[in-house]
Amino acid sequence: MTAETTNSRAKQPFIVACDESGNDGENLLAGGSRFFVHASVAISDLDATAIMTEVRAKTGSGSTELKSKTLLHPKNHATAKWLLEHSNLKGSASLHFTDKRYFLVSKLFDATIEELAHEDEYDMYADGAALCGANILFFTSPTLYGARWDALLVAFQDFLRAKSTPEAAATLKTFDDRVVDVRDAGDSAGDMFLGLIHAGIKHLRTLSELQLGEGIDHRLRTLDPLIPALGATVLHWATQSGNAVEVLHDEAKELTPERIEGMKQNLAAPEVVSPHRAGKGVELMSVTLVDSKLEARVQVADLLAGLGRRVLETESTGTRHPLTPLVEGYVSKLSMLPNPELMNPEAAKAVAQSM
């Protein structure tokens, strides 16, 4: 084999298949699940077909689109365990978890406080300040502000989901009122954050134009966790493989050609958002939407996503799930999950600098 042949093979795109569970779109606060899970697998179609054939045999399912609820039945616990322990999936599958409420709080921090810092040429992502601040807001605000904080988050979500310019203006006014309400009734421990959020509201007007699709050929979906989760998935596998990534994804209307193109650009030039990531761009070659009934790799991803979400939901109630130790081995470090330890600036800095 010549060096040229070796280099040619090394440059072949890395193919991953993806599916999700718990997707309520931009409805982060009142959807069917608190968590969104995006699963990806990097295995061959032959291996995926063999896995799905074995799962059907073990569960006795004749369904052409076997779902995770079958594996989650107590009688099929051994099959779920078998799947998570499968040698072909070790190191070849990843689960990106999103706590939707934390995702919304992080979006609030990024769209106001981080934007103010960006004005002053301070990259809050570089030293973990944005990560630390979002976790402080998430964990302390419910105790400090109670129902007022919940009303603030609802107003922020309503603003970002506005479908017209008048609706955006009205919901932004409501959000402004909720921020003032929380700030004026607040605790000195949180005054700084609320003051900065209020000062950063000016940046939401520009964001609103993008959300409404004004001046661009498509509408942003800032609150849809699928889009950043897919971006994080591509970053994970591109970093792991050192190659460009091709994605096979279950059909999703949110993944329009325009949004995929935007994702390609953002992944290739992350320094536009965070200057310290200059030179760390990765290449997304393509996203092909497929019918999961016809693609075994997507079916495997679907099973993993469903299992991961059930485990996360169970753990969030304080109950240990028997599959937790196995699922933990697949969790992406890029997942959007709150962590009280990251309220410590040094801990947040260490995490930010490891990404």
# chains A, B, ... in the order shown; residues from 1 in each chain; ligands from 1
call {"tool": "residues_around", "arguments": {"residues": "A:Pro225", "least_positions_apart": "2", "cutoff": "8 Å", "atoms": "only C-alpha atoms", "output": "PyMOL selection string"}}
result
chain A and resi 23+25-26+36+98+100+103+223+227-229
call {"tool": "select_by_dssp", "arguments": {"residues": "stretch 56-180 of chain A", "states": "strand (DSSP E)", "output": "mmCIF file with all heavy atoms, in the first residue's frame"}}
result
data_model
loop_
_atom_site.group_PDB
_atom_site.id
_atom_site.type_symbol
_atom_site.label_atom_id
_atom_site.label_comp_id
_atom_site.auth_asym_id
_atom_site.auth_seq_id
_atom_site.Cartn_x
_atom_site.Cartn_y
_atom_site.Cartn_z
ATOM 1 N N ALA A 93 -20.398 4.688 19.736
ATOM 2 C CA ALA A 93 -21.720 5.273 19.949
ATOM 3 C C ALA A 93 -21.582 6.387 20.978
ATOM 4 O O ALA A 93 -20.712 6.347 21.854
ATOM 5 C CB ALA A 93 -22.724 4.221 20.427
ATOM 6 N N SER A 94 -22.442 7.389 20.856
ATOM 7 C CA SER A 94 -22.390 8.533 21.764
ATOM 8 C C SER A 94 -23.799 9.042 22.025
ATOM 9 O O SER A 94 -24.653 9.022 21.135
ATOM 10 C CB SER A 94 -21.526 9.652 21.158
ATOM 11 O OG SER A 94 -21.492 10.789 21.998
ATOM 12 N N LEU A 95 -24.031 9.500 23.255
ATOM 13 C CA LEU A 95 -25.315 10.078 23.642
ATOM 14 C C LEU A 95 -25.089 11.520 24.082
ATOM 15 O O LEU A 95 -24.325 11.778 25.020
ATOM 16 C CB LEU A 95 -25.957 9.288 24.780
ATOM 17 C CG LEU A 95 -26.381 7.846 24.483
ATOM 18 C CD1 LEU A 95 -26.875 7.167 25.750
ATOM 19 C CD2 LEU A 95 -27.463 7.823 23.415
ATOM 20 N N HIS A 96 -25.749 12.441 23.407
ATOM 21 C CA HIS A 96 -25.689 13.843 23.795
ATOM 22 C C HIS A 96 -26.976 14.174 24.546
ATOM 23 O O HIS A 96 -28.070 14.134 23.986
ATOM 24 C CB HIS A 96 -25.553 14.733 22.552
ATOM 25 C CG HIS A 96 -25.403 16.188 22.874
ATOM 26 N ND1 HIS A 96 -26.463 16.993 23.208
ATOM 27 C CD2 HIS A 96 -24.297 16.982 22.935
ATOM 28 C CE1 HIS A 96 -26.034 18.219 23.446
ATOM 29 N NE2 HIS A 96 -24.727 18.241 23.286
ATOM 30 N N PHE A 97 -26.848 14.481 25.841
ATOM 31 C CA PHE A 97 -27.990 14.768 26.692
ATOM 32 C C PHE A 97 -28.223 16.281 26.786
ATOM 33 O O PHE A 97 -27.270 17.057 26.889
ATOM 34 C CB PHE A 97 -27.766 14.234 28.107
ATOM 35 C CG PHE A 97 -27.820 12.741 28.229
ATOM 36 C CD1 PHE A 97 -27.200 12.104 29.292
ATOM 37 C CD2 PHE A 97 -28.476 11.968 27.294
ATOM 38 C CE1 PHE A 97 -27.245 10.723 29.430
ATOM 39 C CE2 PHE A 97 -28.532 10.588 27.420
ATOM 40 C CZ PHE A 97 -27.916 9.962 28.495
ATOM 41 N N THR A 98 -29.487 16.687 26.777
ATOM 42 C CA THR A 98 -29.848 18.083 26.994
ATOM 43 C C THR A 98 -30.947 18.164 28.043
ATOM 44 O O THR A 98 -32.023 17.587 27.861
ATOM 45 C CB THR A 98 -30.357 18.748 25.700
ATOM 46 O OG1 THR A 98 -29.330 18.718 24.708
ATOM 47 C CG2 THR A 98 -30.749 20.197 25.957
ATOM 48 N N ASP A 99 -30.658 18.846 29.149
ATOM 49 C CA ASP A 99 -31.690 19.213 30.115
ATOM 50 C C ASP A 99 -32.330 20.482 29.561
ATOM 51 O O ASP A 99 -31.691 21.525 29.465
ATOM 52 C CB ASP A 99 -31.053 19.479 31.487
ATOM 53 C CG ASP A 99 -32.079 19.848 32.554
ATOM 54 O OD1 ASP A 99 -32.909 20.736 32.281
ATOM 55 O OD2 ASP A 99 -32.030 19.284 33.654
#
call {"tool": "closest_residue", "arguments": {"among": "A:Ala301, A:Leu137, A:Ala296, A:Val234", "to": "A:Glu283", "atoms": "only C-alpha atoms"}}
result
A:Val234
call {"tool": "residues_around", "arguments": {"residues": "A:Asp24", "least_positions_apart": "2", "cutoff": "9 Å", "atoms": "only C-alpha atoms", "output": "VMD selection string"}}
result
chain A and resid 22 26 to 28 30 to 33 36 224 to 225
call {"tool": "closest_residue", "arguments": {"among": "A:Arg101, A:His276, A:His203, A:Arg259", "to": "A:Gly231", "atoms": "only C-alpha atoms"}}
result
A:Arg259
